[in-house]
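Participant: Below you'll find work33.pdb; it's PDB, C-alpha atoms.
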ATOM      1  CA  MET A   1     -27.797   3.961 -18.000
ATOM      2  CA  ASP A   2     -29.937   0.837 -17.666
ATOM      3  CA  PHE A   3     -30.579  -0.202 -14.058
ATOM      4  CA  LYS A   4     -32.888  -3.179 -14.723
ATOM      5  CA  ASN A   5     -30.408  -5.559 -13.028
ATOM      6  CA  LEU A   6     -30.192  -3.369  -9.928
ATOM      7  CA  THR A   7     -33.233  -4.341  -7.899
ATOM      8  CA  PHE A   8     -33.874  -4.628  -4.204
ATOM      9  CA  GLU A   9     -34.880  -8.275  -4.628
ATOM     10  CA  ARG A  10     -31.607  -9.202  -6.338
ATOM     11  CA  LEU A  11     -29.568  -7.314  -3.749
ATOM     12  CA  LEU A  12     -31.390  -9.035  -0.890
ATOM     13  CA  ALA A  13     -30.826 -12.484  -2.431
ATOM     14  CA  ASP A  14     -27.130 -11.687  -2.886
ATOM     15  CA  ALA A  15     -26.855 -10.230   0.637
ATOM     16  CA  LYS A  16     -28.073 -13.560   2.024
ATOM     17  CA  LYS A  17     -25.060 -15.259   0.378
ATOM     18  CA  LEU A  18     -22.548 -12.644   1.507
ATOM     19  CA  ASN A  19     -19.521 -13.799   3.467
ATOM     20  CA  ILE A  20     -16.999 -11.018   4.032
ATOM     21  CA  ALA A  21     -13.605 -11.986   5.456
ATOM     22  CA  SER A  22     -12.985  -9.884   8.565
ATOM     23  CA  ASN A  23      -9.214 -10.029   8.048
ATOM     24  CA  ASP A  24      -9.383  -8.512   4.552
ATOM     25  CA  SER A  25      -7.129  -5.438   4.444
ATOM     26  CA  TYR A  26      -9.888  -3.394   2.756
ATOM     27  CA  ILE A  27     -12.261  -4.196   5.617
ATOM     28  CA  ILE A  28      -9.610  -3.306   8.208
ATOM     29  CA  ALA A  29      -8.651  -0.031   6.484
ATOM     30  CA  TYR A  30     -12.208   1.123   5.786
ATOM     31  CA  PRO A  31     -13.099   2.577   9.228
ATOM     32  CA  GLU A  32      -9.697   4.264   9.443
ATOM     33  CA  PHE A  33     -10.393   6.167   6.218
ATOM     34  CA  ILE A  34     -13.855   7.193   7.458
ATOM     35  CA  GLN A  35     -12.392   8.309  10.805
ATOM     36  CA  PHE A  36      -9.739  10.384   9.025
ATOM     37  CA  PHE A  37     -12.419  12.597   7.454
ATOM     38  CA  GLU A  38     -14.712  12.611  10.484
ATOM     39  CA  SER A  39     -11.878  14.157  12.493
ATOM     40  CA  LEU A  40     -11.500  17.066  10.049
ATOM     41  CA  ASP A  41     -13.457  20.283  10.341
ATOM     42  CA  GLU A  42     -12.265  21.351   6.913
ATOM     43  CA  ILE A  43     -10.504  19.524   4.104
ATOM     44  CA  LYS A  44      -7.273  21.297   3.118
ATOM     45  CA  LYS A  45      -4.638  20.658   0.452
ATOM     46  CA  HIS A  46      -2.625  18.405   2.793
ATOM     47  CA  HIS A  47      -5.709  16.232   3.450
ATOM     48  CA  LEU A  48      -6.618  16.010  -0.228
ATOM     49  CA  ILE A  49      -3.151  14.818  -1.206
ATOM     50  CA  ILE A  50      -2.855  12.316   1.651
ATOM     51  CA  SER A  51      -6.382  10.945   1.227
ATOM     52  CA  SER A  52      -6.144  10.689  -2.555
ATOM     53  CA  HIS A  53      -3.104   8.499  -2.073
ATOM     54  CA  PHE A  54      -4.741   6.267   0.493
ATOM     55  CA  VAL A  55      -7.793   5.878  -1.768
ATOM     56  CA  TYR A  56      -5.480   4.777  -4.561
ATOM     57  CA  GLY A  57      -4.114   2.139  -2.221
ATOM     58  CA  TRP A  58      -7.458   0.468  -2.968
ATOM     59  CA  MET A  59      -6.826   0.592  -6.707
ATOM     60  CA  PRO A  60      -4.402  -0.999  -9.167
ATOM     61  CA  THR A  61      -3.495   2.442 -10.551
ATOM     62  CA  ILE A  62      -0.861   4.984  -9.572
ATOM     63  CA  ILE A  63      -2.379   8.373  -8.786
ATOM     64  CA  LYS A  64      -1.629  11.625 -10.561
ATOM     65  CA  ILE A  65      -2.994  14.780  -8.950
ATOM     66  CA  ASN A  66      -3.590  17.808 -11.146
ATOM     67  CA  ASN A  67      -2.125  20.595  -8.997
ATOM     68  CA  SER A  68      -3.929  23.324 -10.947
ATOM     69  CA  LYS A  69      -7.289  21.855  -9.878
ATOM     70  CA  ILE A  70      -6.607  21.528  -6.141
ATOM     71  CA  GLU A  71      -8.151  24.820  -4.942
ATOM     72  CA  ASP A  72     -11.427  24.258  -6.800
ATOM     73  CA  SER A  73     -11.458  20.647  -5.635
ATOM     74  CA  LEU A  74     -11.075  21.653  -1.993
ATOM     75  CA  THR A  75     -14.151  23.870  -2.237
ATOM     76  CA  ILE A  76     -16.100  21.009  -3.814
ATOM     77  CA  LEU A  77     -14.897  18.403  -1.305
ATOM     78  CA  ASN A  78     -15.809  20.617   1.644
ATOM     79  CA  LYS A  79     -19.261  21.055   0.117
ATOM     80  CA  ALA A  80     -19.579  17.265  -0.168
ATOM     81  CA  LYS A  81     -18.430  16.871   3.450
ATOM     82  CA  THR A  82     -21.557  18.787   4.547
ATOM     83  CA  GLY A  83     -23.744  16.143   2.866
ATOM     84  CA  ILE A  84     -24.702  18.148  -0.210
ATOM     85  CA  GLN A  85     -24.913  16.111  -3.406
ATOM     86  CA  LEU A  86     -22.552  17.468  -6.018
ATOM     87  CA  ASN A  87     -23.674  18.160  -9.565
ATOM     88  CA  CYS A  88     -22.157  16.740 -12.740
ATOM     89  CA  SER A  89     -19.912  19.757 -13.321
ATOM     90  CA  GLU A  90     -18.480  19.539  -9.797
ATOM     91  CA  LEU A  91     -17.844  15.821 -10.207
ATOM     92  CA  GLU A  92     -16.065  16.456 -13.501
ATOM     93  CA  ASN A  93     -13.908  19.081 -11.779
ATOM     94  CA  LEU A  94     -12.959  16.659  -8.987
ATOM     95  CA  LYS A  95     -12.331  13.891 -11.465
ATOM     96  CA  SER A  96      -9.943  16.114 -13.422
ATOM     97  CA  CYS A  97      -7.965  16.723 -10.224
ATOM     98  CA  ILE A  98      -7.766  13.092  -9.135
ATOM     99  CA  ASN A  99      -6.323  10.995 -11.962
ATOM    100  CA  ASN A 100      -9.246  11.882 -14.240
ATOM    101  CA  SER A 101     -11.032   8.915 -12.663
ATOM    102  CA  MET A 102     -14.641   8.717 -11.520
ATOM    103  CA  VAL A 103     -13.728   5.540  -9.622
ATOM    104  CA  GLY A 104     -11.066   7.279  -7.516
ATOM    105  CA  THR A 105     -13.321  10.310  -7.086
ATOM    106  CA  SER A 106     -16.220   8.155  -5.887
ATOM    107  CA  LYS A 107     -14.030   6.415  -3.324
ATOM    108  CA  LEU A 108     -12.731   9.707  -1.975
ATOM    109  CA  LEU A 109     -16.262  11.111  -1.789
ATOM    110  CA  HIS A 110     -17.493   7.997  -0.016
ATOM    111  CA  PHE A 111     -14.889   8.298   2.717
ATOM    112  CA  ILE A 112     -15.692  11.992   3.118
ATOM    113  CA  ALA A 113     -19.488  11.518   3.252
ATOM    114  CA  PRO A 114     -20.338   7.793   3.485
ATOM    115  CA  ASN A 115     -24.071   8.382   3.899
ATOM    116  CA  GLU A 116     -24.306  10.401   0.691
ATOM    117  CA  TYR A 117     -21.807   8.852  -1.716
ATOM    118  CA  ALA A 118     -21.227   5.249  -2.704
ATOM    119  CA  ILE A 119     -18.145   3.677  -4.219
ATOM    120  CA  TRP A 120     -18.391   3.169  -7.983
ATOM    121  CA  ASP A 121     -16.056   0.913  -9.946
ATOM    122  CA  SER A 122     -15.882  -1.703 -12.678
ATOM    123  CA  ARG A 123     -17.245  -4.481 -10.447
ATOM    124  CA  ILE A 124     -20.276  -2.375  -9.520
ATOM    125  CA  TYR A 125     -20.849  -1.431 -13.147
ATOM    126  CA  ARG A 126     -20.588  -5.077 -14.220
ATOM    127  CA  TYR A 127     -23.027  -6.151 -11.483
ATOM    128  CA  ILE A 128     -25.550  -3.570 -12.713
ATOM    129  CA  THR A 129     -25.103  -3.957 -16.476
ATOM    130  CA  GLY A 130     -23.308  -7.253 -17.057
ATOM    131  CA  LYS A 131     -20.785  -5.284 -19.135
ATOM    132  CA  MET A 132     -17.343  -3.738 -18.804
ATOM    133  CA  GLN A 133     -17.220  -0.366 -20.546
ATOM    134  CA  GLN A 134     -14.581   1.939 -19.131
ATOM    135  CA  ASN A 135     -15.989   5.083 -20.745
ATOM    136  CA  ASN A 136     -19.342   4.476 -19.015
ATOM    137  CA  ILE A 137     -17.635   3.880 -15.673
ATOM    138  CA  ASN A 138     -15.778   7.170 -15.986
ATOM    139  CA  ASN A 139     -18.967   9.116 -16.786
ATOM    140  CA  ALA A 140     -19.984  11.509 -13.982
ATOM    141  CA  GLN A 141     -23.664  11.479 -14.988
ATOM    142  CA  ASN A 142     -23.751   7.679 -14.760
ATOM    143  CA  TYR A 143     -22.358   7.999 -11.241
ATOM    144  CA  LEU A 144     -25.078  10.495 -10.293
ATOM    145  CA  ASP A 145     -27.743   8.190 -11.760
ATOM    146  CA  TYR A 146     -26.258   5.326  -9.740
ATOM    147  CA  LEU A 147     -26.487   7.379  -6.533
ATOM    148  CA  ASP A 148     -30.126   8.197  -7.283
ATOM    149  CA  LYS A 149     -30.897   4.504  -7.844
ATOM    150  CA  LEU A 150     -29.220   3.557  -4.561
ATOM    151  CA  LYS A 151     -31.261   6.175  -2.710
ATOM    152  CA  THR A 152     -34.420   4.585  -4.133
ATOM    153  CA  ILE A 153     -33.294   1.131  -2.992
ATOM    154  CA  ILE A 154     -32.452   2.443   0.481
ATOM    155  CA  LYS A 155     -36.027   3.774   0.751
ATOM    156  CA  HIS A 156     -37.481   0.308   0.031
ATOM    157  CA  THR A 157     -39.884  -0.846   2.742
ATOM    158  CA  ASN A 158     -37.753  -3.887   3.583
ATOM    159  CA  PHE A 159     -34.357  -2.253   3.270
ATOM    160  CA  GLN A 160     -33.575  -2.739   6.965
ATOM    161  CA  GLN A 161     -33.615  -6.513   6.406
ATOM    162  CA  LEU A 162     -30.909  -6.186   3.754
ATOM    163  CA  TYR A 163     -28.971  -3.645   5.802
ATOM    164  CA  LYS A 164     -28.889  -5.880   8.899
ATOM    165  CA  LEU A 165     -27.698  -8.882   6.866
ATOM    166  CA  VAL A 166     -24.799  -6.868   5.487
ATOM    167  CA  ASN A 167     -23.946  -4.755   8.535
ATOM    168  CA  ASN A 168     -23.747  -7.910  10.694
ATOM    169  CA  GLN A 169     -20.797  -9.001   8.527
ATOM    170  CA  PHE A 170     -18.778  -6.171  10.080
ATOM    171  CA  LYS A 171     -17.784  -7.082  13.618
ATOM    172  CA  ASP A 172     -15.898  -3.952  14.686
ATOM    173  CA  TYR A 173     -17.914  -1.125  13.126
ATOM    174  CA  SER A 174     -21.154  -0.206  11.382
ATOM    175  CA  ILE A 175     -21.375   0.796   7.761
ATOM    176  CA  SER A 176     -23.632   3.281   5.992
ATOM    177  CA  ALA A 177     -26.631   2.198   3.938
ATOM    178  CA  MET A 178     -24.776   3.294   0.791
ATOM    179  CA  ARG A 179     -21.836   1.046   1.701
ATOM    180  CA  ALA A 180     -24.163  -1.871   2.448
ATOM    181  CA  VAL A 181     -25.689  -1.803  -1.033
ATOM    182  CA  GLU A 182     -22.366  -1.194  -2.763
ATOM    183  CA  ILE A 183     -20.508  -3.988  -0.981
ATOM    184  CA  VAL A 184     -23.193  -6.534  -1.868
ATOM    185  CA  MET A 185     -22.670  -5.676  -5.542
ATOM    186  CA  PHE A 186     -18.881  -5.612  -5.249
ATOM    187  CA  GLU A 187     -18.532  -8.894  -3.359
ATOM    188  CA  THR A 188     -21.103 -10.691  -5.522
ATOM    189  CA  ASN A 189     -19.363  -9.606  -8.700
ATOM    190  CA  LYS A 190     -15.972 -10.564  -7.259
ATOM    191  CA  LEU A 191     -17.270 -14.040  -6.385
ATOM    192  CA  ASN A 192     -18.966 -14.520  -9.760
ATOM    193  CA  ASN A 193     -16.118 -13.204 -11.923
ATOM    194  CA  LYS A 194     -12.935 -14.076 -10.004
ATOM    195  CA  SER A 195     -11.013 -11.261 -11.721
TER     196      SER A 195
END
In structure tokens, what does this structure look like?
Facilitator:
Amino acid sequence: MDFKNLTFERLLADAKKLNIASNDSYIIAYPEFIQFFESLDEIKKHHLIISSHFVYGWMPTIIKINNSKIEDSLTILNKAKTGIQLNCSELENLKSCINNSMVGTSKLLHFIAPNEYAIWDSRIYRYITGKMQQNNINNAQNYLDYLDKLKTIIKHTNFQQLYKLVNNQFKDYSISAMRAVEIVMFETNKLNNKS
């Protein structure tokens, strides 16, 4: 995947224009989802089903959970909860459990481990590439490459400047570095594309 449009300089310029509405239901729900997983010692079937449904409240799609994949998915999700980065095979397994969607999987992973996983969707993909290609959005390797690129951006010498600009938009809670980068891309694309 080509990441030439995903640069620290572009993100910083876009972060300076960011204006997030504090009454947006996504902004209000976000810390509740994070808190849900922080309060769990272990993710069980009940938590997977409940949380998959609340993640899909953020999406225009109805969820279908593949019951035959739940046990394997629980093992993988609990691994992710410890901060370990999953491999492509594990992501594919999770994806096959949760609507066969990398977007839904990324959102669930983000709420479970917000410092390790970023949300990935069509707006993010369009910000990075200028294109809308569903098969590329649903590709687990592209998601892993995206995470690696975000980790590089977060290590940038001036990242704290960008992080403070974005985090200051949130009055009632702090966000992770991964969320800060992702929300700049999401909000900028939303503003520029109005769809």
Participant: May I have the residues within 12 Å of Lys171 (chain A) as a list in words, using only C-alpha atoms and disregarding those fewer than 2 positions away in the same chain?
Facilitator: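 The neighbour list is Ile20, Ala21, Ser22, Asn23, Ile27, Ile28, Pro31, Val166, Asn167, Asn168, Gln169, Tyr173, Ser174 and Ile175 of chain A.
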Participant: Write out, as a tab-separated table (two decimals), in the coordinates of the input, the residues just selected, with C-alpha atoms.
Facilitator:
chain	number	residue	atom	x	y	z
A	20	ILE	CA	-17.00	-11.02	4.03
A	21	ALA	CA	-13.60	-11.99	5.46
A	22	SER	CA	-12.98	-9.88	8.56
A	23	ASN	CA	-9.21	-10.03	8.05
A	27	ILE	CA	-12.26	-4.20	5.62
A	28	ILE	CA	-9.61	-3.31	8.21
A	31	PRO	CA	-13.10	2.58	9.23
A	166	VAL	CA	-24.80	-6.87	5.49
A	167	ASN	CA	-23.95	-4.76	8.54
A	168	ASN	CA	-23.75	-7.91	10.69
A	169	GLN	CA	-20.80	-9.00	8.53
A	173	TYR	CA	-17.91	-1.12	13.13
A	174	SER	CA	-21.15	-0.21	11.38
A	175	ILE	CA	-21.38	0.80	7.76
Participant: Skipping near chain neighbours, those fewer than 5 positions away, what residues fall within 9 Å of Leu11 (chain A) using all atoms listed in the file, listed as a ChimeraX atom specification?
Facilitator: /A:6,16,162,181,184-185
Participant: Find the residues around Leu74 (chain A) up to 8 Å (all atoms listed in the file counted), leave out those fewer than 2 positions away in its own chain, and share them as a VMD selection string.
Facilitator: chain A and resid 43 to 45 48 70 to 72 76 to 78
Participant: So which residues touch Ser68 (chain A) within 10 Å, counting only C-alpha atoms, skipping near sequence neighbours fewer than 4 positions away, as a list in words?
Facilitator: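 Selected residues are Asp72, Ser73, Ser96 and Cys97 of chain A.
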Participant: Of the candidates A:Asn115, A:Asn100, A:Thr157, A:Thr188, which shows the shortest atom-to-atom distance to Ile137 (chain A), using all atoms listed in the file?
Facilitator: A:Asn100
Participant: Tell me which of A:Lys64, A:Gln141, A:Phe8, A:Ile119 sits closest to Ile183 (chain A), counting only C-alpha atoms.
Facilitator: A:Ile119
Participant: I need the residue set behind the PyMOL selection byres ((chain A and resi 120-133) around 12) for this file; please write it as a PyMOL selection string.
Facilitator: chain A and resi 1-8+10-11+14+58-60+101-110+117-119+134-140+142-147+149-150+178-179+181-195
Participant: Hey, can you check how far CA of Ala113 (chain A) sits from CA of Asp41 (chain A)?
Facilitator: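 Calculated distance between CA of Ala113 (chain A) and CA of Asp41 (chain A) is 12.8 Å.
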Participant: When distances are computed from all atoms listed in the file, which of A:Asn99, A:Ala15, A:Ser89, A:Ala29 shows the smallest separation from Tyr163 (chain A)?
Facilitator: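 Once distances to Tyr163 (chain A) are computed over all atoms listed in the file, the minimum belongs to A:Ala15.
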Participant: Any idea what the distance is between CA of Ile63 (chain A) and CA of Asp148 (chain A)?
Facilitator: 27.8 Å
Participant: Using Å and a single decimal, report how far CA of Gln85 (chain A) sits from CA of Gln160 (chain A).
Facilitator: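 Interatomic distance here is 23.2 Å.
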Participant: Which one of A:Glu92, A:Glu9, A:Ala80, A:Tyr30 sits closest to Asp172 (chain A) if you count all atoms listed in the file?
Facilitator: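 Closest candidate: A:Tyr30.
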Participant: Return as JSON the centre and edge lengths, in Å with one decimal, of the box along x, y and z that encloses every atom of region 86-89 of chain A in the file, padded by 5 Å per side.
Facilitator:
{"center_x": -21.8, "center_y": 18.2, "center_z": -9.7, "size_x": 13.8, "size_y": 13.0, "size_z": 17.3}
